[in-house]
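> Just input_4.cif, nothing more (mmCIF, C-alpha atoms and all ligand atoms):
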```
data_query
loop_
_atom_site.label_atom_id
_atom_site.label_comp_id
_atom_site.auth_asym_id
_atom_site.auth_seq_id
_atom_site.Cartn_x
_atom_site.Cartn_y
_atom_site.Cartn_z
CA MET A 1 -40.73 84.44 -30.65
CA LEU A 2 -37.24 85.74 -31.30
CA ASP A 3 -36.09 86.37 -34.80
CA ILE A 4 -32.32 85.81 -34.61
CA GLU A 5 -29.49 86.74 -36.98
CA THR A 6 -26.06 85.48 -35.98
CA ASP A 7 -22.80 86.96 -37.13
CA LEU A 8 -20.82 83.91 -38.19
CA ASN A 9 -17.50 85.67 -37.60
CA GLN A 10 -18.37 86.21 -33.95
CA PRO A 11 -20.32 83.18 -32.79
CA SER A 12 -21.34 84.72 -29.45
CA ALA A 13 -22.53 87.92 -31.15
CA HIS A 14 -26.02 88.14 -32.46
CA THR A 15 -28.95 90.37 -33.05
CA ALA A 16 -32.51 89.38 -32.28
CA LEU A 17 -35.88 91.04 -32.58
CA THR A 18 -38.25 90.72 -29.64
CA PRO A 19 -41.79 92.12 -29.98
CA SER A 20 -40.68 95.37 -28.31
CA TYR A 21 -37.01 95.98 -29.12
CA ARG A 22 -33.84 94.71 -30.74
CA ILE A 23 -31.05 92.91 -28.94
CA ASP A 24 -27.66 93.59 -30.51
CA THR A 25 -24.45 92.13 -29.16
CA ARG A 26 -22.63 92.31 -32.48
CA ASN A 27 -19.43 94.24 -32.47
CA TYR A 28 -18.31 96.09 -35.56
CA SER A 29 -15.16 95.39 -37.52
CA GLU A 30 -12.72 98.22 -38.23
CA LYS A 31 -14.07 98.32 -41.77
CA GLU A 32 -17.63 98.72 -40.53
CA TYR A 33 -16.78 101.37 -37.92
CA ASN A 34 -17.88 104.32 -40.06
CA LYS A 35 -21.33 102.81 -40.47
CA PHE A 36 -22.07 103.37 -36.79
CA VAL A 37 -20.33 106.59 -35.95
CA LYS A 38 -18.77 109.55 -37.73
CA VAL A 39 -16.23 111.14 -35.43
CA ASN A 40 -14.19 114.30 -35.34
CA THR A 41 -15.67 115.83 -38.45
CA VAL A 42 -14.92 119.25 -36.91
CA LYS A 43 -11.20 120.00 -36.66
CA ASP A 44 -11.11 123.44 -35.04
CA TRP A 45 -13.83 124.52 -32.61
CA SER A 46 -12.15 127.85 -31.90
CA SER A 47 -12.89 129.14 -35.40
CA MET A 48 -16.58 128.08 -35.39
CA LYS A 49 -19.01 131.05 -35.47
CA TRP A 50 -22.76 131.19 -34.84
CA LYS A 51 -23.28 133.33 -37.92
CA ASP A 52 -21.90 130.49 -40.06
CA ILE A 53 -23.77 127.58 -38.50
CA GLY A 54 -27.13 129.14 -37.53
CA ARG A 55 -29.19 128.35 -34.44
CA PRO A 56 -30.98 125.07 -33.62
CA PHE A 57 -34.39 124.16 -35.05
CA GLN A 58 -37.14 124.49 -32.45
CA VAL A 59 -39.84 121.79 -32.48
CA THR A 60 -43.18 123.56 -32.10
CA SER A 61 -45.78 120.83 -32.61
CA TYR A 62 -46.71 119.93 -29.07
CA ALA A 63 -48.47 116.94 -27.52
CA LYS A 64 -52.25 117.12 -27.24
CA GLU A 65 -51.94 116.33 -23.51
CA LYS A 66 -49.80 119.47 -22.97
CA LYS A 67 -52.14 121.70 -24.99
CA GLU A 68 -55.23 120.42 -23.16
CA TRP A 69 -53.58 120.93 -19.75
CA GLU A 70 -52.71 124.52 -20.67
CA VAL A 71 -56.24 125.34 -21.87
CA GLU A 72 -57.75 123.84 -18.72
CA ASN A 73 -55.28 125.50 -16.32
CA ARG A 74 -54.79 128.74 -18.27
CA ARG A 75 -51.01 128.72 -17.78
CA GLU A 76 -47.94 127.11 -19.23
CA LEU A 77 -47.35 123.48 -18.27
CA PRO A 78 -44.67 123.42 -15.52
CA ALA A 79 -41.43 121.67 -16.56
CA HIS A 80 -41.64 118.94 -13.91
CA THR A 81 -45.22 118.00 -14.86
CA SER A 82 -44.27 118.03 -18.53
CA TRP A 83 -41.50 115.49 -17.82
CA GLU A 84 -43.90 113.30 -15.86
CA MET A 85 -46.23 113.29 -18.87
CA PHE A 86 -43.37 112.62 -21.28
CA ASN A 87 -41.86 109.76 -19.29
CA LYS A 88 -45.20 107.93 -18.91
CA SER A 89 -46.02 108.42 -22.55
CA PHE A 90 -42.58 107.37 -23.87
CA HIS A 91 -42.41 104.34 -21.57
CA GLU A 92 -45.70 103.00 -22.97
CA TRP A 93 -44.05 102.78 -26.38
CA PHE A 94 -40.96 100.92 -25.16
CA VAL A 95 -43.12 98.12 -23.72
CA LYS A 96 -45.53 97.73 -26.63
CA ASP A 97 -45.96 94.42 -28.41
CA VAL A 98 -45.21 96.15 -31.70
CA PRO A 99 -46.27 93.42 -34.20
CA GLY A 100 -49.48 92.91 -32.16
CA GLU A 101 -50.19 96.67 -32.20
CA MET A 102 -49.53 96.85 -35.94
CA ASP A 103 -52.18 94.16 -36.50
CA LYS A 104 -54.63 95.89 -34.16
CA THR A 105 -54.28 99.30 -35.79
CA LYS A 106 -54.64 97.75 -39.27
CA LYS A 107 -57.89 96.07 -38.21
CA ALA A 108 -59.19 99.32 -36.67
CA PHE A 109 -58.45 101.10 -39.95
CA PHE A 110 -60.41 98.57 -42.08
CA THR A 111 -63.30 98.51 -39.61
CA SER A 112 -63.59 102.31 -39.77
CA LEU A 113 -63.59 102.15 -43.58
CA LYS A 114 -66.32 99.49 -43.62
CA GLN A 115 -68.44 101.48 -41.19
CA PHE A 116 -67.73 104.68 -43.12
CA LYS A 117 -66.67 106.68 -40.08
CA PRO A 118 -64.29 109.35 -41.46
CA ALA A 119 -63.18 110.63 -38.02
CA ASP A 120 -62.30 107.07 -36.93
CA THR A 121 -60.48 106.48 -40.21
CA LYS A 122 -58.40 109.62 -39.73
CA ALA A 123 -57.46 108.56 -36.18
CA ALA A 124 -56.71 105.00 -37.34
CA VAL A 125 -54.40 106.27 -40.10
CA GLY A 126 -52.53 108.37 -37.53
CA ASP A 127 -52.14 105.34 -35.22
CA LEU A 128 -51.03 103.17 -38.12
CA ILE A 129 -48.32 105.63 -39.18
CA LYS A 130 -47.06 106.06 -35.61
CA ILE A 131 -46.73 102.36 -34.85
CA HIS A 132 -45.00 101.66 -38.18
CA LEU A 133 -42.60 104.55 -37.61
CA TRP A 134 -41.83 103.34 -34.08
CA ASN A 135 -41.31 99.80 -35.38
CA TYR A 136 -38.79 101.08 -37.92
CA VAL A 137 -36.96 103.63 -35.78
CA HIS A 138 -36.75 101.78 -32.46
CA ARG A 139 -37.28 98.10 -33.18
CA ILE A 140 -35.78 97.52 -36.64
CA GLN A 141 -33.09 100.21 -36.78
CA ASP A 142 -32.48 100.37 -33.00
CA GLY A 143 -32.00 104.11 -33.54
CA ILE A 144 -32.94 105.17 -30.00
CA TRP A 145 -30.77 102.82 -27.96
CA ASP A 146 -28.24 102.37 -30.82
CA PRO A 147 -25.80 100.18 -28.82
CA ARG A 148 -23.24 99.89 -31.61
CA GLY A 149 -23.19 103.64 -32.22
CA LYS A 150 -22.98 104.42 -28.51
CA ARG A 151 -20.19 101.91 -27.94
CA ALA A 152 -18.25 103.49 -30.81
CA LEU A 153 -18.82 106.94 -29.36
CA PHE A 154 -17.96 106.03 -25.76
CA GLU A 155 -14.87 103.87 -26.37
CA GLY A 156 -11.29 104.79 -25.60
CA LEU A 157 -11.73 106.75 -22.36
CA ASP A 158 -8.78 106.70 -19.98
CA VAL A 159 -10.68 105.47 -16.91
CA LYS A 160 -10.58 102.45 -14.62
CA ALA A 161 -13.64 101.41 -12.61
CA PRO A 162 -15.12 104.90 -12.99
CA ARG A 163 -17.86 106.52 -10.95
CA ILE A 164 -20.49 107.64 -13.44
CA LEU A 165 -23.12 110.32 -12.78
CA PHE A 166 -26.08 110.28 -15.21
CA LEU A 167 -28.05 113.56 -15.16
CA GLY A 168 -31.70 113.24 -16.29
CA ALA A 169 -31.20 109.48 -16.43
CA ALA A 170 -34.74 108.30 -17.39
CA GLU A 171 -34.27 104.52 -17.85
CA GLY A 172 -30.48 104.77 -17.50
CA TYR A 173 -29.56 102.95 -20.70
CA GLU A 174 -26.39 104.86 -21.60
CA ALA A 175 -24.85 104.66 -18.12
CA MET A 176 -25.33 100.88 -18.26
CA GLN A 177 -23.66 100.75 -21.69
CA LEU A 178 -20.73 102.79 -20.33
CA ALA A 179 -20.48 100.55 -17.27
CA ALA A 180 -20.25 97.49 -19.54
CA LEU A 181 -17.37 99.10 -21.47
CA TYR A 182 -15.55 100.12 -18.29
CA PRO A 183 -15.83 97.20 -15.84
CA GLY A 184 -16.04 97.96 -12.15
CA SER A 185 -18.04 101.14 -12.76
CA GLU A 186 -20.38 102.52 -10.13
CA ILE A 187 -23.40 104.40 -11.39
CA VAL A 188 -25.41 107.21 -9.82
CA MET A 189 -28.56 107.97 -11.84
CA VAL A 190 -30.46 111.19 -11.16
CA ASP A 191 -33.93 112.11 -12.38
CA TYR A 192 -36.53 114.27 -10.66
CA ASP A 193 -39.42 112.19 -12.02
CA SER A 194 -39.86 109.25 -9.60
CA PHE A 195 -41.55 107.25 -12.39
CA CYS A 196 -38.09 106.97 -13.97
CA LYS A 197 -36.62 105.29 -10.92
CA ASP A 198 -39.64 103.08 -10.20
CA THR A 199 -40.74 102.13 -13.69
CA ARG A 200 -38.50 103.25 -16.56
CA TYR A 201 -35.32 102.03 -14.80
CA GLY A 202 -37.09 99.82 -12.23
CA GLU A 203 -38.75 97.72 -14.93
CA PHE A 204 -35.91 97.89 -17.45
CA LEU A 205 -35.40 94.27 -18.47
CA GLU A 206 -32.85 92.31 -16.47
CA SER A 207 -32.39 90.07 -19.51
CA TYR A 208 -31.25 92.86 -21.88
CA PRO A 209 -27.58 92.19 -22.81
CA PHE A 210 -24.99 94.99 -22.86
CA LEU A 211 -21.81 94.15 -24.76
CA GLY A 212 -18.70 95.23 -22.88
CA GLU A 213 -15.20 94.25 -21.88
CA ASN A 214 -13.96 91.42 -19.70
CA PRO A 215 -11.22 93.01 -17.53
CA LEU A 216 -9.59 89.63 -16.87
CA THR A 217 -9.15 88.53 -20.47
CA GLY A 218 -9.59 91.76 -22.45
CA SER A 219 -12.18 89.98 -24.59
CA LYS A 220 -15.86 90.80 -25.01
CA LYS A 221 -18.32 90.05 -22.24
CA ILE A 222 -22.08 90.38 -21.89
CA TYR A 223 -23.36 92.28 -18.85
CA TYR A 224 -26.89 92.76 -17.51
CA LYS A 225 -28.57 95.53 -15.53
CA THR A 226 -28.06 93.69 -12.23
CA ASP A 227 -24.28 93.51 -12.81
CA PHE A 228 -23.94 97.28 -12.41
CA PRO A 229 -23.85 98.74 -8.88
CA THR A 230 -26.42 101.53 -9.24
CA GLU A 231 -27.90 104.13 -6.96
CA TYR A 232 -30.97 105.92 -8.36
CA VAL A 233 -31.53 109.35 -6.83
CA VAL A 234 -34.87 111.11 -7.32
CA SER A 235 -33.87 114.77 -7.16
CA ASP A 236 -33.70 117.98 -9.10
CA ILE A 237 -30.19 118.21 -10.56
CA ARG A 238 -30.02 121.75 -9.12
CA LYS A 239 -30.38 120.36 -5.59
CA LEU A 240 -27.69 117.66 -5.68
CA GLY A 241 -25.12 117.83 -2.90
CA TYR A 242 -22.21 116.08 -4.69
CA THR A 243 -18.82 117.69 -5.14
CA ASN A 244 -16.54 117.28 -8.15
CA GLU A 245 -16.24 113.56 -7.47
CA PHE A 246 -17.24 111.71 -10.65
CA ASP A 247 -14.95 110.34 -13.37
CA ILE A 248 -17.70 110.66 -15.96
CA VAL A 249 -20.74 112.95 -15.95
CA LEU A 250 -23.24 112.03 -18.63
CA SER A 251 -26.49 113.37 -20.06
CA VAL A 252 -28.54 112.15 -23.00
CA GLY A 253 -31.20 114.38 -24.47
CA LEU A 254 -31.01 117.12 -21.85
CA LEU A 255 -29.25 120.19 -23.32
CA GLU A 256 -31.77 120.60 -26.17
CA HIS A 257 -34.62 121.10 -23.72
CA PHE A 258 -33.24 124.45 -22.53
CA PRO A 259 -33.32 127.70 -24.52
CA ASP A 260 -30.07 129.59 -25.11
CA GLU A 261 -30.25 131.69 -21.94
CA LEU A 262 -30.08 128.46 -19.86
CA LYS A 263 -27.51 126.47 -21.87
CA ALA A 264 -24.54 127.73 -19.79
CA GLU A 265 -26.28 126.54 -16.61
CA VAL A 266 -26.84 123.07 -18.08
CA VAL A 267 -23.17 122.79 -19.08
CA GLU A 268 -22.27 123.91 -15.55
CA TRP A 269 -24.37 121.05 -14.08
CA HIS A 270 -21.90 118.66 -15.71
CA ARG A 271 -18.68 120.54 -14.88
CA LYS A 272 -19.65 120.94 -11.23
CA PHE A 273 -19.65 117.21 -10.53
CA VAL A 274 -16.72 116.01 -12.64
CA LYS A 275 -13.29 115.33 -11.10
CA PRO A 276 -10.41 117.46 -12.38
CA GLY A 277 -9.47 115.78 -15.66
CA GLY A 278 -12.73 113.78 -15.76
CA TYR A 279 -14.97 113.36 -18.76
CA MET A 280 -18.27 115.01 -19.64
CA ILE A 281 -20.33 113.14 -22.21
CA MET A 282 -23.46 114.60 -23.76
CA THR A 283 -25.70 113.57 -26.61
CA THR A 284 -28.58 115.43 -28.27
CA PRO A 285 -30.94 114.50 -31.13
CA ARG A 286 -29.68 115.46 -34.58
CA ALA A 287 -31.23 118.16 -36.73
CA GLN A 288 -31.87 116.03 -39.79
CA LEU A 289 -34.96 115.91 -41.97
CA ARG A 290 -35.99 112.46 -40.79
CA SER A 291 -35.76 113.53 -37.13
CA LYS A 292 -37.92 116.59 -37.86
CA LEU A 293 -40.51 114.27 -39.40
CA TYR A 294 -40.26 111.87 -36.47
CA TYR A 295 -40.96 114.61 -33.89
CA GLU A 296 -43.82 115.91 -36.05
CA ILE A 297 -45.51 112.50 -36.38
CA MET A 298 -44.77 111.47 -32.78
CA ALA A 299 -45.69 114.89 -31.29
CA ASP A 300 -48.36 113.43 -28.97
CA VAL A 301 -45.87 110.89 -27.61
CA MET A 302 -42.74 113.07 -27.36
CA ASN A 303 -43.36 116.81 -27.31
CA HIS A 304 -44.43 117.87 -23.83
CA THR A 305 -41.47 120.15 -23.27
CA TYR A 306 -39.35 122.79 -24.99
CA ARG A 307 -37.27 120.92 -27.58
CA GLU A 308 -34.61 121.81 -30.14
CA LEU A 309 -32.92 119.73 -32.82
CA MET A 310 -29.31 120.76 -33.36
CA THR A 311 -26.37 119.94 -35.57
CA LEU A 312 -23.14 118.60 -34.13
CA GLU A 313 -21.54 121.98 -34.87
CA GLN A 314 -24.23 123.86 -32.91
CA MET A 315 -24.02 121.44 -29.98
CA GLY A 316 -20.22 121.63 -29.92
CA LEU A 317 -20.20 125.41 -30.02
CA TYR A 318 -22.50 125.59 -26.97
CA LEU A 319 -20.02 123.39 -25.08
CA TYR A 320 -16.90 125.09 -26.43
CA GLU A 321 -18.08 128.62 -25.66
CA ASN A 322 -19.06 127.49 -22.18
CA GLY A 323 -15.54 126.39 -21.34
CA LEU A 324 -15.25 122.76 -22.44
CA ASP A 325 -12.51 121.25 -24.56
CA ILE A 326 -13.96 118.84 -27.08
CA LEU A 327 -11.95 115.62 -27.21
CA ARG A 328 -14.23 113.63 -29.43
CA SER A 329 -17.31 114.67 -31.33
CA GLY A 330 -19.46 112.73 -33.70
CA TYR A 331 -22.86 111.59 -34.71
CA ILE A 332 -24.58 108.25 -34.55
CA LYS A 333 -27.96 107.22 -36.00
CA VAL A 334 -30.18 109.84 -34.40
CA HIS A 335 -27.98 111.67 -31.90
CA ASN A 336 -24.90 113.90 -31.85
CA GLY A 337 -22.38 112.98 -29.19
CA ILE A 338 -19.52 114.85 -27.55
CA VAL A 339 -16.85 113.73 -25.10
CA ALA A 340 -15.27 116.74 -23.42
CA LYS A 341 -13.14 117.91 -20.51
CA ALA A 342 -13.12 121.21 -18.67
CA ARG A 343 -10.75 123.70 -20.27
C1 LIG A 401 -35.47 113.68 -22.61
S1 LIG A 401 -35.22 112.81 -21.13
C2 LIG A 401 -33.77 112.00 -21.48
C3 LIG A 401 -33.88 111.08 -22.63
C4 LIG A 401 -33.93 109.68 -22.19
N1 LIG A 401 -32.82 108.97 -22.75
C5 LIG A 401 -35.25 109.04 -22.52
O1 LIG A 401 -35.23 107.92 -23.04
O2 LIG A 401 -36.28 109.58 -22.21
C6 LIG A 401 -34.69 113.97 -19.96
C7 LIG A 401 -34.87 113.50 -18.52
O3 LIG A 401 -34.32 114.52 -17.67
C8 LIG A 401 -35.14 114.68 -16.54
N2 LIG A 401 -34.91 116.04 -16.03
C9 LIG A 401 -35.16 117.22 -16.69
N3 LIG A 401 -34.83 118.27 -15.92
C10 LIG A 401 -34.37 117.77 -14.74
C11 LIG A 401 -33.89 118.36 -13.54
N4 LIG A 401 -33.81 119.67 -13.38
N5 LIG A 401 -33.51 117.53 -12.54
C12 LIG A 401 -33.59 116.18 -12.66
N6 LIG A 401 -34.04 115.56 -13.79
C13 LIG A 401 -34.42 116.35 -14.82
C14 LIG A 401 -36.55 114.40 -17.04
O4 LIG A 401 -37.40 113.98 -16.00
C15 LIG A 401 -36.32 113.31 -18.09
O5 LIG A 401 -36.51 112.02 -17.59
#
```
Could the structure of this file be written out as structure tokens, please?


Amino acid sequence: MLDIETDLNQPSAHTALTPSYRIDTRNYSEKEYNKFVKVNTVKDWSSMKWKDIGRPFQVTSYAKEKKEWEVENRRELPAHTSWEMFNKSFHEWFVKDVPGEMDKTKKAFFTSLKQFKPADTKAAVGDLIKIHLWNYVHRIQDGIWDPRGKRALFEGLDVKAPRILFLGAAEGYEAMQLAALYPGSEIVMVDYDSFCKDTRYGEFLESYPFLGENPLTGSKKIYYKTDFPTEYVVSDIRKLGYTNEFDIVLSVGLLEHFPDELKAEVVEWHRKFVKPGGYMIMTTPRAQLRSKLYYEIMADVMNHTYRELMTLEQMGLYLYENGLDILRSGYIKVHNGIVAKAR
């Protein structure tokens, strides 16, 4: 059953809770804008110094699945396999019937207490905390998809019917949100884990509404996955044969998975495929206390790979010192976001 809240000022706009996620087609008023995004808090990137802002926080509590693989195989988990593990694990959470799971884990907890099985109780408490945290972060707060924050971050680009390249696309959410804002977009999604094409994107709900623009009237319009012409390419980004042919090159949660010696290469992946004057958009998870707690509690679900949490200043400095001009920078609920062009 849907639990619907309608914004009376915008009759077509509403938010609704399904068992797995939130739908949110509410726009924000000018007054509300700062609730969803804080932009351009940094005025001068050229004077930013590493010694003043420190380096990112590295997340070091890893998933049990990664640790077990490494003990069994006596070597470090290869990056590609770690992404396959991550994508399967993360996808399972997006499709959960969250209220149903909350009931189930509560029952398992009381059963373990009644039977006085301390190991089961400990596991049940862990499950209970995880599902409640997921319910709050993803379903109630909509912190992961964050459509209002992302719309606020992505608005105002000078593009018409852009070609969008999404590097490390996973389920492709942000490219679809961009395509709704800029009608006539064509999307190319790239991920080297075929599960992303077949399942994470393949099974992404056709009924999920993306709020965007109607090019004919200039008013708001709802779009769906099937409205966006999309090609999904299963390939390593390093093997792509495109030239600098895209109006927008996008990545979400990619840069923070590479240590400093590889950051320049990751920035280059974006620059290489963007048209002269085109936009590069990147987001990374924020280094805030609640995110540190989230990655600690959700380690088994999320932490199969190298991962950093960074501030907007740290993220911006990586891009600035690797030759990008930062046009717009800001943070939304759980991510930093930067819109940049090549310098
Ligand atoms: C952390 S995920 C992106 C976050 C995403 N929004 C999500 O919901 O999972 C990064 C994605 O990049 C992909 N990826 C990492 N390195 C890649 C590479 N060299 N080539 C292609 N895809 C890559 C991974 O398979 C993964 O799906």

> Kindly indicate which residue among A:Ala63, A:Val71, A:Val188, A:Val37 lies nearest to Glu245 in chain A, using all atoms listed in the file for the distances.

A:Val188

> May I have the residues within 8 Å of ligand LIG 401 (chain A), computed using only C-alpha atoms and all ligand atoms, as a PyMOL selection string?

chain A and resi 79-80+83-84+86-87+90+144+167-174+190-193+196+234-238+251-254+257

> Which of these, A:Trp45, A:Tyr306, A:Phe166, A:Trp145, has the shortest distance to Gly323 in chain A once you count all atoms listed in the file?

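The answer is A:Trp45, which sits nearest to Gly323 in chain A.
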
> Which residues come within 12 Å of Phe204 in chain A, counting all atoms listed in the file, excluding same-chain residues fewer than 4 positions away, as a list in words?

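The contact residues come out as Tyr21, His91, Phe94, Val95, Ala170, Glu171, Gly172, Tyr173, Met176, Cys196, Lys197, Asp198, Thr199, Arg200, Tyr208, Pro209, Tyr224, Lys225 and Thr226 of chain A.
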
> Could you please determine the separation between CA of Ala299 in chain A and CA of Met315 in chain A in Å, to one decimal place?

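A separation of 22.7 Å between them.
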
> Around the point (-58.1, 99.1, -39.3) (coordinates from the file), which residues reach within 12 Å if we count all atoms listed in the file? Answer as a tab-separated table (two decimals) with C-alpha atoms, in the frame of the given file.


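Done, and the output landed in selection.tsv:
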```tsv
chain	number	residue	atom	x	y	z
A	101	GLU	CA	-50.19	96.67	-32.20
A	102	MET	CA	-49.53	96.85	-35.94
A	103	ASP	CA	-52.18	94.16	-36.50
A	104	LYS	CA	-54.63	95.89	-34.16
A	105	THR	CA	-54.28	99.30	-35.79
A	106	LYS	CA	-54.64	97.75	-39.27
A	107	LYS	CA	-57.89	96.07	-38.21
A	108	ALA	CA	-59.19	99.32	-36.67
A	109	PHE	CA	-58.45	101.10	-39.95
A	110	PHE	CA	-60.41	98.57	-42.08
A	111	THR	CA	-63.30	98.51	-39.61
A	112	SER	CA	-63.59	102.31	-39.77
A	113	LEU	CA	-63.59	102.15	-43.58
A	114	LYS	CA	-66.32	99.49	-43.62
A	115	GLN	CA	-68.44	101.48	-41.19
A	116	PHE	CA	-67.73	104.68	-43.12
A	117	LYS	CA	-66.67	106.68	-40.08
A	120	ASP	CA	-62.30	107.07	-36.93
A	121	THR	CA	-60.48	106.48	-40.21
A	122	LYS	CA	-58.40	109.62	-39.73
A	123	ALA	CA	-57.46	108.56	-36.18
A	124	ALA	CA	-56.71	105.00	-37.34
A	125	VAL	CA	-54.40	106.27	-40.10
A	126	GLY	CA	-52.53	108.37	-37.53
A	127	ASP	CA	-52.14	105.34	-35.22
A	128	LEU	CA	-51.03	103.17	-38.12
A	129	ILE	CA	-48.32	105.63	-39.18
```

> So that I can see what lies close to Ile140 in chain A, please list as a ChimeraX atom specification the residues with an atom at most 7 Å from it, counting all atoms listed in the file and leaving out residues fewer than 4 positions away in the same chain.

/A:22,135-136

> Residues near Val159 in chain A, anyone? I mean within 10 Å using all atoms listed in the file, not counting same-chain ones fewer than 6 positions away, as an MDAnalysis selection string.

chainID A and resid 182:183 185 247:248 278:279

> Please report the interatomic distance between CA of Ser207 in chain A and CA of Ala179 in chain A in Å with one decimal.

16.0 Å

> Please write out, as lines of an AutoDock Vina configuration file, where the centre of an axis-aligned box around all listed atoms of range 92-107 of chain A lies and how long its edges are, in Å to one decimal, after adding 8 Å on each side.


```
center_x = -49.4
center_y = 98.0
center_z = -31.1
size_x = 32.9
size_y = 26.1
size_z = 32.3
```

> In terms of the shortest atom-to-atom distance over only C-alpha atoms, which of A:Leu181, A:Val301, A:Leu317, A:Leu216 is closest to Lys66 in chain A?

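Comparing A:Leu181, A:Val301, A:Leu317, A:Leu216 against Lys66 in chain A, the winner is A:Val301.
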
> So what do you get for CA of Ser329 in chain A versus CA of Pro147 in chain A, distance-wise?

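Pair CA of Ser329 in chain A / CA of Pro147 in chain A returns 17.0 Å.
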
> Between A:Arg163, A:Lys43, A:Lys96, A:Arg151, which has the minimum distance to Phe210 in chain A (counting all atoms listed in the file)?

A:Arg151

> Using all atoms listed in the file, which residue out of A:Tyr62, A:Phe154, A:Tyr33, A:Phe195 lies closest to Arg328 in chain A?

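Nearest to Arg328 in chain A: A:Phe154.
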
> Write out as a ChimeraX atom specification the residues lying within 10 Å of Thr243 in chain A, counting all atoms listed in the file and excluding same-chain residues fewer than 2 positions away.

/A:240-241,245-246,272-275

> Might you pull out every residue within 10 Å of Lys67 in chain A, with all atoms listed in the file counted and same-chain residues fewer than 6 positions away left off, and present them as a PyMOL selection string?

chain A and resi 61+73+76-77+300+304

> Pick out the closest residue to Tyr242 in chain A from this set: A:His270, A:Asn40, A:Ser219, A:Asp97. Count all atoms listed in the file.

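Among the listed residues, A:His270 lies closest to Tyr242 in chain A.
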